[in-house]
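Listing of target.csv, CSV, C-alpha atoms
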```csv
chain,number,residue,atom,x,y,z
L,124,MET,CA,154.2,85.4,175.4
L,125,THR,CA,152.1,85.4,172.2
L,126,HIS,CA,152.3,88.6,170.2
L,127,TYR,CA,148.7,89.3,169.0
L,128,THR,CA,148.3,90.7,165.5
L,129,SER,CA,144.5,90.7,165.2
L,130,ASP,CA,141.3,90.7,167.1
L,131,ILE,CA,137.9,89.0,166.6
L,132,TYR,CA,135.0,90.7,168.5
L,133,LEU,CA,132.0,88.5,169.1
L,134,SER,CA,128.5,89.5,170.1
L,135,TRP,CA,126.2,87.5,172.3
L,136,ASP,CA,124.1,86.6,169.2
L,137,ASP,CA,127.3,85.4,167.5
L,138,ILE,CA,128.0,83.1,170.5
L,139,GLN,CA,124.4,81.7,170.5
L,140,THR,CA,124.5,81.0,166.8
L,141,MET,CA,127.9,79.4,167.0
L,142,CYS,CA,126.8,77.2,170.0
L,143,ARG,CA,123.7,76.1,168.1
L,144,ARG,CA,125.8,75.2,165.1
L,145,LEU,CA,128.1,73.3,167.4
L,146,ALA,CA,125.2,71.5,168.9
L,147,ALA,CA,123.8,70.6,165.5
L,148,ARG,CA,127.1,69.1,164.5
L,149,ILE,CA,127.5,67.1,167.7
L,150,HIS,CA,124.0,65.8,167.4
L,151,ASP,CA,124.5,64.9,163.7
L,152,GLU,CA,127.8,63.0,164.4
L,153,ALA,CA,127.0,61.5,167.8
L,154,PRO,CA,123.3,61.6,168.3
L,155,ASN,CA,122.3,61.2,172.0
L,156,GLN,CA,125.8,60.1,172.9
L,157,PHE,CA,126.1,62.5,175.9
L,158,ASP,CA,124.0,62.9,178.9
L,159,ARG,CA,126.6,64.9,180.9
L,160,ILE,CA,128.4,68.1,180.2
L,161,LEU,CA,131.6,69.1,181.9
L,162,ALA,CA,132.1,72.9,181.6
L,163,VAL,CA,135.7,74.2,181.9
L,164,THR,CA,135.4,77.3,183.9
L,165,ARG,CA,135.1,80.1,183.5
L,166,GLY,CA,135.2,80.5,179.7
L,167,GLY,CA,133.2,77.3,179.1
L,168,MET,CA,130.2,78.3,181.3
L,169,ILE,CA,128.1,80.1,178.7
L,170,PRO,CA,128.8,77.7,175.8
L,171,ALA,CA,128.1,74.8,178.1
L,172,GLY,CA,124.8,76.3,179.2
L,173,ILE,CA,123.7,76.9,175.6
L,174,LEU,CA,124.8,73.4,174.4
L,175,ALA,CA,123.1,71.8,177.4
L,176,ARG,CA,119.9,73.5,176.5
L,177,GLU,CA,120.1,72.6,172.8
L,178,LEU,CA,121.1,69.0,173.4
L,179,ASN,CA,118.6,68.5,176.2
L,180,ILE,CA,121.3,67.6,178.7
L,181,ARG,CA,120.5,68.3,182.4
L,182,GLN,CA,123.6,66.9,184.1
L,183,ILE,CA,126.2,69.6,184.2
L,184,ASP,CA,129.4,69.9,186.3
L,185,THR,CA,132.4,72.2,186.2
L,186,ILE,CA,136.1,71.7,186.4
L,187,SER,CA,138.7,74.5,186.7
L,188,VAL,CA,142.3,74.5,185.6
L,189,ALA,CA,144.8,77.1,186.8
L,190,SER,CA,148.5,77.3,186.4
L,191,TYR,CA,151.5,78.0,188.6
L,192,ASP,CA,153.8,80.5,187.1
L,193,GLU,CA,157.2,79.0,188.2
L,194,GLN,CA,159.7,81.2,186.4
L,195,HIS,CA,157.5,81.2,183.3
L,196,ARG,CA,157.0,77.5,183.2
L,197,ARG,CA,153.3,77.4,183.5
L,198,GLU,CA,152.4,74.2,185.3
L,199,PRO,CA,148.7,73.5,185.1
L,200,PHE,CA,146.8,72.0,188.0
L,201,ILE,CA,143.1,71.3,188.9
L,202,LEU,CA,141.8,74.2,191.0
L,203,LYS,CA,138.3,72.7,191.3
L,204,ASP,CA,137.5,69.0,190.6
L,205,CYS,CA,134.4,67.4,189.2
L,206,GLN,CA,132.1,64.7,190.6
L,207,PRO,CA,133.4,61.2,189.9
L,208,GLU,CA,130.5,60.4,187.5
L,209,PHE,CA,131.8,63.1,185.1
L,210,LEU,CA,135.2,61.5,184.7
L,211,ASP,CA,134.1,59.1,182.1
L,212,GLY,CA,132.0,59.9,179.0
L,213,ALA,CA,131.1,63.5,179.5
L,214,LEU,CA,131.1,66.2,176.8
L,215,VAL,CA,133.8,68.6,177.8
L,216,VAL,CA,133.1,72.2,176.8
L,217,ASP,CA,135.3,75.3,176.7
L,218,ASP,CA,135.2,78.5,174.8
L,219,LEU,CA,138.6,78.3,173.2
L,220,ALA,CA,141.4,75.7,172.7
L,221,ASP,CA,144.4,78.1,172.7
L,222,THR,CA,147.7,76.6,173.7
L,223,GLY,CA,146.0,73.3,174.5
L,224,THR,CA,147.5,73.2,178.0
L,225,THR,CA,144.2,73.0,179.8
L,226,LEU,CA,142.7,70.3,177.5
L,227,ARG,CA,145.9,68.3,177.6
L,228,LEU,CA,145.7,68.1,181.4
L,229,LEU,CA,142.1,67.1,181.2
L,230,ALA,CA,142.8,64.5,178.6
L,231,THR,CA,145.2,62.8,181.0
L,232,LYS,CA,142.7,63.0,183.9
L,233,LEU,CA,139.5,62.0,182.1
L,234,THR,CA,138.5,58.6,180.5
L,235,ASN,CA,137.6,58.8,176.9
L,236,PRO,CA,136.9,62.5,176.9
L,237,HIS,CA,135.2,64.4,174.0
L,238,PHE,CA,136.1,68.0,173.7
L,239,ALA,CA,133.9,70.7,172.1
L,240,THR,CA,135.0,74.3,171.8
L,241,LEU,CA,133.8,77.4,169.8
L,242,PHE,CA,137.3,78.3,168.7
L,243,VAL,CA,140.5,76.5,168.1
L,244,LYS,CA,144.0,77.7,167.5
L,245,PRO,CA,146.7,75.5,165.8
L,246,ALA,CA,148.5,74.6,169.1
L,247,GLY,CA,145.3,73.3,170.7
L,248,ALA,CA,143.4,72.0,167.7
L,249,ASP,CA,144.5,68.4,167.7
L,250,LEU,CA,142.7,67.7,171.0
L,251,VAL,CA,139.3,69.0,170.0
L,252,ASN,CA,136.6,66.7,168.6
L,253,TRP,CA,134.2,69.5,167.5
L,254,PHE,CA,134.7,73.2,167.0
L,255,VAL,CA,133.1,76.0,165.0
L,256,GLN,CA,136.0,78.2,163.9
L,257,GLU,CA,139.8,78.1,163.6
L,258,THR,CA,141.9,81.2,164.1
L,259,SER,CA,145.6,81.9,164.0
L,260,GLN,CA,147.7,81.6,167.2
L,261,GLU,CA,148.1,85.4,167.1
L,262,THR,CA,144.4,86.2,167.1
L,263,TRP,CA,142.9,87.5,170.3
L,264,VAL,CA,139.3,86.2,170.5
L,265,ARG,CA,137.2,88.7,172.4
L,266,PHE,CA,134.1,87.0,173.9
L,267,PRO,CA,131.1,89.1,174.9
L,268,TRP,CA,131.4,88.2,178.6
L,269,ASP,CA,134.8,90.0,178.6
L,270,THR,CA,133.7,93.1,176.7
L,271,VAL,CA,131.2,96.0,177.1
L,272,ARG,CA,129.3,98.0,174.5
L,273,GLN,CA,130.6,101.6,174.4
L,274,TYR,CA,130.3,104.8,172.5
L,275,ALA,CA,132.4,104.9,169.3
L,276,ALA,CA,133.3,108.3,167.8
L,277,PRO,CA,132.1,108.7,164.2
L,278,LEU,CA,134.6,108.7,161.4
L,279,VAL,CA,133.8,112.3,160.4
L,280,LYS,CA,133.3,114.8,163.2
L,281,ASP,CA,131.5,118.2,163.2
L,282,GLN,CA,133.5,121.1,161.9
L,283,ILE,CA,132.8,123.9,164.5
O,116,MET,CA,95.4,95.2,192.3
O,117,VAL,CA,97.7,93.2,190.2
O,118,SER,CA,96.1,91.6,187.2
O,119,ARG,CA,96.2,87.8,187.0
O,120,SER,CA,96.6,87.9,183.3
O,121,GLU,CA,100.1,86.9,182.2
O,122,THR,CA,102.6,89.5,181.3
O,123,ILE,CA,105.8,88.7,179.6
O,124,ILE,CA,109.2,90.2,179.9
O,125,ASP,CA,111.7,89.5,177.1
O,126,VAL,CA,115.3,89.8,178.2
O,127,SER,CA,118.2,90.2,175.7
O,128,TRP,CA,121.7,88.9,176.2
O,129,ASP,CA,123.0,92.5,176.6
O,130,GLU,CA,120.3,93.1,179.3
O,131,VAL,CA,121.4,89.9,181.1
O,132,GLN,CA,124.9,91.2,181.1
O,133,GLY,CA,123.8,94.6,182.4
O,134,LEU,CA,121.6,93.0,185.2
O,135,CYS,CA,124.6,90.8,186.2
O,136,GLN,CA,126.8,93.9,186.5
O,137,SER,CA,124.3,95.7,188.7
O,138,LEU,CA,123.8,92.6,190.8
O,139,ALA,CA,127.6,92.3,191.2
O,140,ASN,CA,127.7,95.9,192.3
O,141,LYS,CA,125.0,95.3,195.0
O,142,ILE,CA,126.7,92.2,196.3
O,143,SER,CA,130.1,93.8,196.6
O,144,GLU,CA,128.7,96.9,198.3
O,145,GLU,CA,126.2,95.2,200.6
O,146,SER,CA,127.9,91.9,201.5
O,147,HIS,CA,129.9,91.9,204.7
O,148,ARG,CA,132.3,89.4,203.2
O,149,ASP,CA,134.0,88.6,199.9
O,150,PHE,CA,132.7,85.4,198.3
O,151,ASP,CA,135.2,83.1,196.8
O,152,LYS,CA,132.8,80.4,195.7
O,153,ILE,CA,129.8,80.4,193.4
O,154,LEU,CA,127.3,77.6,193.2
O,155,ALA,CA,125.2,77.9,190.0
O,156,ILE,CA,121.7,76.4,189.9
O,157,SER,CA,121.7,74.6,186.5
O,158,ARG,CA,120.7,75.3,183.9
O,159,GLY,CA,119.3,78.8,184.2
O,160,GLY,CA,121.8,79.9,186.8
O,161,LEU,CA,124.8,78.9,184.6
O,162,PHE,CA,124.7,82.2,182.6
O,163,PRO,CA,124.4,84.7,185.5
O,164,ALA,CA,126.9,82.6,187.5
O,165,GLY,CA,129.5,82.8,184.7
O,166,LEU,CA,129.1,86.6,184.5
O,167,LEU,CA,129.0,87.2,188.2
O,168,ALA,CA,132.1,85.0,188.7
O,169,ARG,CA,134.0,87.2,186.2
O,170,ALA,CA,132.7,90.5,187.7
O,171,LEU,CA,133.5,89.4,191.3
O,172,ASN,CA,136.8,87.6,190.3
O,173,ILE,CA,135.7,84.2,191.7
O,174,ARG,CA,137.3,81.2,190.2
O,175,MET,CA,135.7,78.4,192.3
O,176,LEU,CA,132.5,77.6,190.5
O,177,ASP,CA,130.3,74.6,191.0
O,178,THR,CA,126.8,73.5,189.9
O,179,VAL,CA,123.8,71.9,191.5
O,180,CYS,CA,121.4,70.5,188.9
O,181,ILE,CA,117.7,70.7,189.8
O,182,ALA,CA,114.7,70.0,187.6
O,183,SER,CA,111.6,71.9,188.4
O,184,TYR,CA,109.8,72.3,185.1
O,185,ASP,CA,108.5,69.8,182.7
O,186,GLU,CA,106.5,70.2,179.5
O,187,ASN,CA,103.3,70.6,181.5
O,188,GLY,CA,104.7,73.3,183.7
O,189,HIS,CA,106.0,72.9,187.3
O,190,HIS,CA,106.5,70.0,189.6
O,191,ASP,CA,108.4,69.7,192.9
O,192,PRO,CA,112.1,70.2,192.5
O,193,VAL,CA,114.2,67.1,191.9
O,194,LEU,CA,117.9,67.0,192.6
O,195,LEU,CA,119.7,65.6,189.5
O,196,LYS,CA,123.3,66.4,190.4
O,197,GLU,CA,124.8,67.1,193.8
O,198,PHE,CA,127.2,70.0,194.6
O,199,HIS,CA,130.9,69.4,195.5
O,200,PRO,CA,131.4,69.1,199.3
O,201,ASP,CA,133.6,72.3,199.3
O,202,PHE,CA,130.5,74.3,198.4
O,203,LEU,CA,128.4,73.2,201.4
O,204,GLU,CA,129.2,76.4,203.3
O,205,GLY,CA,129.8,80.0,202.4
O,206,ALA,CA,129.0,79.9,198.6
O,207,LEU,CA,127.0,82.5,196.7
O,208,ILE,CA,124.1,80.6,195.2
O,209,VAL,CA,123.1,81.9,191.8
O,210,ASP,CA,120.0,81.4,189.7
O,211,ASP,CA,118.3,83.3,186.9
O,212,LEU,CA,114.8,83.6,188.5
O,213,ALA,CA,113.3,82.9,191.9
O,214,ASN,CA,109.8,81.9,190.9
O,215,THR,CA,107.9,80.0,193.5
O,216,GLY,CA,111.0,79.7,195.7
O,217,ALA,CA,110.7,75.9,195.9
O,218,THR,CA,114.2,75.4,194.4
O,219,LEU,CA,115.8,77.8,196.8
O,220,ARG,CA,114.0,76.4,199.8
O,221,LEU,CA,115.2,72.9,198.8
O,222,LEU,CA,118.8,74.2,198.7
O,223,LYS,CA,118.5,76.2,201.8
O,224,SER,CA,117.7,73.0,203.7
O,225,ARG,CA,120.8,71.4,202.3
O,226,LEU,CA,123.4,74.2,202.7
O,227,LEU,CA,125.0,75.9,205.6
O,228,ASN,CA,124.4,79.7,205.8
O,229,PRO,CA,123.6,80.1,202.1
O,230,HIS,CA,123.4,83.5,200.3
O,231,PHE,CA,121.2,83.7,197.2
O,232,ALA,CA,121.5,86.0,194.2
O,233,THR,CA,119.1,86.0,191.3
O,234,LEU,CA,118.5,88.2,188.3
O,235,PHE,CA,114.7,88.3,188.9
O,236,ILE,CA,112.5,87.7,191.8
O,237,LYS,CA,108.7,87.6,192.3
O,238,PRO,CA,106.9,88.9,195.4
O,239,GLN,CA,106.3,85.3,196.6
O,240,SER,CA,110.1,84.4,196.6
O,241,LYS,CA,111.5,87.8,197.7
O,242,GLU,CA,112.1,86.8,201.3
O,243,LEU,CA,114.5,84.0,200.3
O,244,VAL,CA,116.8,86.1,198.1
O,245,ASP,CA,119.6,88.2,199.5
O,246,TRP,CA,120.4,90.1,196.3
O,247,TYR,CA,118.4,90.5,193.1
O,248,ALA,CA,118.5,92.8,190.1
O,249,LYS,CA,114.7,93.2,189.3
O,250,GLU,CA,111.4,92.3,190.8
O,251,THR,CA,108.5,91.3,188.5
O,252,LEU,CA,104.7,90.9,189.0
O,253,PRO,CA,103.5,87.7,190.5
O,254,HIS,CA,102.3,86.1,187.3
O,255,CYS,CA,104.9,87.5,185.0
O,256,ARG,CA,106.7,85.2,182.6
O,257,VAL,CA,110.4,86.1,182.1
O,258,ARG,CA,111.8,84.9,178.8
O,259,PHE,CA,115.6,84.6,178.8
O,260,PRO,CA,117.7,84.8,175.6
O,261,TRP,CA,119.0,81.3,175.9
O,262,ASP,CA,115.4,80.1,175.2
O,263,ASP,CA,114.9,82.7,172.5
O,264,MET,CA,113.5,81.5,169.2
O,265,THR,CA,115.2,84.0,166.8
O,266,HIS,CA,118.1,81.7,165.9
O,267,GLY,CA,116.2,78.5,166.6
O,268,THR,CA,114.0,79.1,163.5
O,269,ILE,CA,117.0,78.0,161.5
O,270,SER,CA,116.7,74.2,161.0
O,271,PRO,CA,119.5,72.1,162.4
O,272,LYS,CA,120.2,70.8,158.9
O,273,VAL,CA,120.8,74.3,157.6
O,274,MET,CA,122.9,75.1,160.6
O,275,TYR,CA,125.0,72.0,160.0
O,276,GLN,CA,125.4,73.0,156.3
O,277,GLY,CA,126.5,76.4,157.5
O,278,ILE,CA,129.2,74.9,159.8
O,279,GLN,CA,130.6,72.8,157.0
O,280,ASP,CA,131.2,76.0,155.0
O,281,THR,CA,133.4,77.3,157.7
O,282,PHE,CA,135.6,74.2,157.9
```
Structure translated into structure tokens:
Amino acid sequence: MTHYTSDIYLSWDDIQTMCRRLAARIHDEAPNQFDRILAVTRGGMIPAGILARELNIRQIDTISVASYDEQHRREPFILKDCQPEFLDGALVVDDLADTGTTLRLLATKLTNPHFATLFVKPAGADLVNWFVQETSQETWVRFPWDTVRQYAAPLVKDQI
Amino acid sequence: MVSRSETIIDVSWDEVQGLCQSLANKISEESHRDFDKILAISRGGLFPAGLLARALNIRMLDTVCIASYDENGHHDPVLLKEFHPDFLEGALIVDDLANTGATLRLLKSRLLNPHFATLFIKPQSKELVDWYAKETLPHCRVRFPWDDMTHGTISPKVMYQGIQDTF
């Protein structure tokens, strides 16, 4: 198990800005190369939706990877498969390349895949073609779909 | 009488998240079954589908891609990408807005026993939708945050320069 030593909290606007930067970079380096996006669920759903809108891509499919926990040897498998036409040449989108387990499995399954993520960590970075920000392996990236706004107590309280 | 003049509702990301939470509450309270599959109508339904899937702990997610708007407005819905056969029956179908209802009617004819959930409905599409978060006036325009201009005013070139700084 990873021991987390820091957090990054992201707002929805942060995500939208990051996705638009990622789209700009993909469009700059591979203009009009993709007409299909494969979203890795569930984390890739929101980034895939924003990228699809920015890059004017209308063909979107999903693929889901889960893992068996056989005495802590996490064996990944495809929980939900994509349509055959997404096996070759799709832009594969996820929120985070963490250990790289998910993307490594997809790299063996897909033909000539191109991976785009918002965040990469060192163990997953080598697989990713385009990303926006790198963090340490020990950083917990908190996406807005997993968090809620809530009351925060002020630093200095009333003296009653 | 409802005015025919167009009214506009601007929805923020935080509001989308809140609407999805209340929609998830309604579905889990009122549904007689637990859904284990979500079919998102792409592209607008991708966002609520992702949020509902998390709220309802559903891992099986698929898309069906339908085009029903062009630059001049509306046309008949066109199927661009089919859903996975496993989603033919028993999936929760999710979209951002049920406008005329044409997209949902097309899907209803292709699915077995579908249940529809949308963030917004209009009076003309209400009968098709099982669960929704909000109803709008008939001629209201709902603007979602994924189409918002705030960040789009930055030119792609500047955004690209920004990304290079972070590398």
Given the choices O:Gly160, O:Pro253, O:Gly165, O:Pro192, which gets closest to chain L if the distance is worked out from only C-alpha atoms?
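Closest to chain L, using only C-alpha atoms: O:Gly165.
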List the residues sitting within 10 Å of (124.5, 92.7, 188.0) in the file's frame, using all atoms listed in the file, as a JSON list (two decimals) with C-alpha atoms, in the coordinates of the input.
```
[["chain", "number", "residue", "atom", "x", "y", "z"],
["O", 130, "GLU", "CA", 120.30, 93.10, 179.30],
["O", 131, "VAL", "CA", 121.40, 89.90, 181.10],
["O", 132, "GLN", "CA", 124.90, 91.20, 181.10],
["O", 133, "GLY", "CA", 123.80, 94.60, 182.40],
["O", 134, "LEU", "CA", 121.60, 93.00, 185.20],
["O", 135, "CYS", "CA", 124.60, 90.80, 186.20],
["O", 136, "GLN", "CA", 126.80, 93.90, 186.50],
["O", 137, "SER", "CA", 124.30, 95.70, 188.70],
["O", 138, "LEU", "CA", 123.80, 92.60, 190.80],
["O", 139, "ALA", "CA", 127.60, 92.30, 191.20],
["O", 140, "ASN", "CA", 127.70, 95.90, 192.30],
["O", 141, "LYS", "CA", 125.00, 95.30, 195.00],
["O", 142, "ILE", "CA", 126.70, 92.20, 196.30],
["O", 163, "PRO", "CA", 124.40, 84.70, 185.50],
["O", 166, "LEU", "CA", 129.10, 86.60, 184.50],
["O", 167, "LEU", "CA", 129.00, 87.20, 188.20],
["O", 170, "ALA", "CA", 132.70, 90.50, 187.70],
["O", 232, "ALA", "CA", 121.50, 86.00, 194.20],
["O", 233, "THR", "CA", 119.10, 86.00, 191.30],
["O", 234, "LEU", "CA", 118.50, 88.20, 188.30],
["O", 246, "TRP", "CA", 120.40, 90.10, 196.30],
["O", 247, "TYR", "CA", 118.40, 90.50, 193.10],
["O", 248, "ALA", "CA", 118.50, 92.80, 190.10],
["O", 249, "LYS", "CA", 114.70, 93.20, 189.30]]
```
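Comparing the minimum interatomic distances between Gly212 in chain L and each of L:Leu161, L:Val271, L:Leu174, L:Val264, counting all atoms listed in the file, we find that L:Leu161 sits nearest.
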Give the residues of chain L that lie within 8 Å of chain O; count only C-alpha atoms, and format the answer as a ChimeraX atom specification.
/L:135-136,139-140,143-145,147-148,164-166,168-169,172-173,175-176,181-187,202-203,205-206,255-256,268
For Arg258 in chain O: contacts at 7 Å, all atoms listed in the file, fewer than 5 positions along chain excluded, given as a count of residues only
3
Any idea what the distance is between CA of Val251 in chain L and CA of Tyr191 in chain L?
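According to the coordinates, CA of Val251 in chain L and CA of Tyr191 in chain L are separated by 24.0 Å.
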For CA of Leu210 in chain L and CA of Leu203 in chain O, determine how far apart the two atoms are, in Å to one decimal place.
21.5 Å
Taking the point (147.1, 71.2, 177.7) as given in the file, collect each protein or nucleic acid residue that comes within 10 Å of it, counting all atoms listed in the file, and present the set as a PyMOL selection string.
chain L and resi 188+198-199+220-231+246-247+250
Calculate how many Å separate CA of Tyr132 in chain L from CA of Asn172 in chain O, rounding to one decimal.
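These two atoms are separated by 22.1 Å.
With all atoms listed in the file as the atoms that count, the residue of L:Leu219, L:Ile180, L:Pro267, L:His126 with the shortest distance to Phe238 in chain L is L:Leu219.
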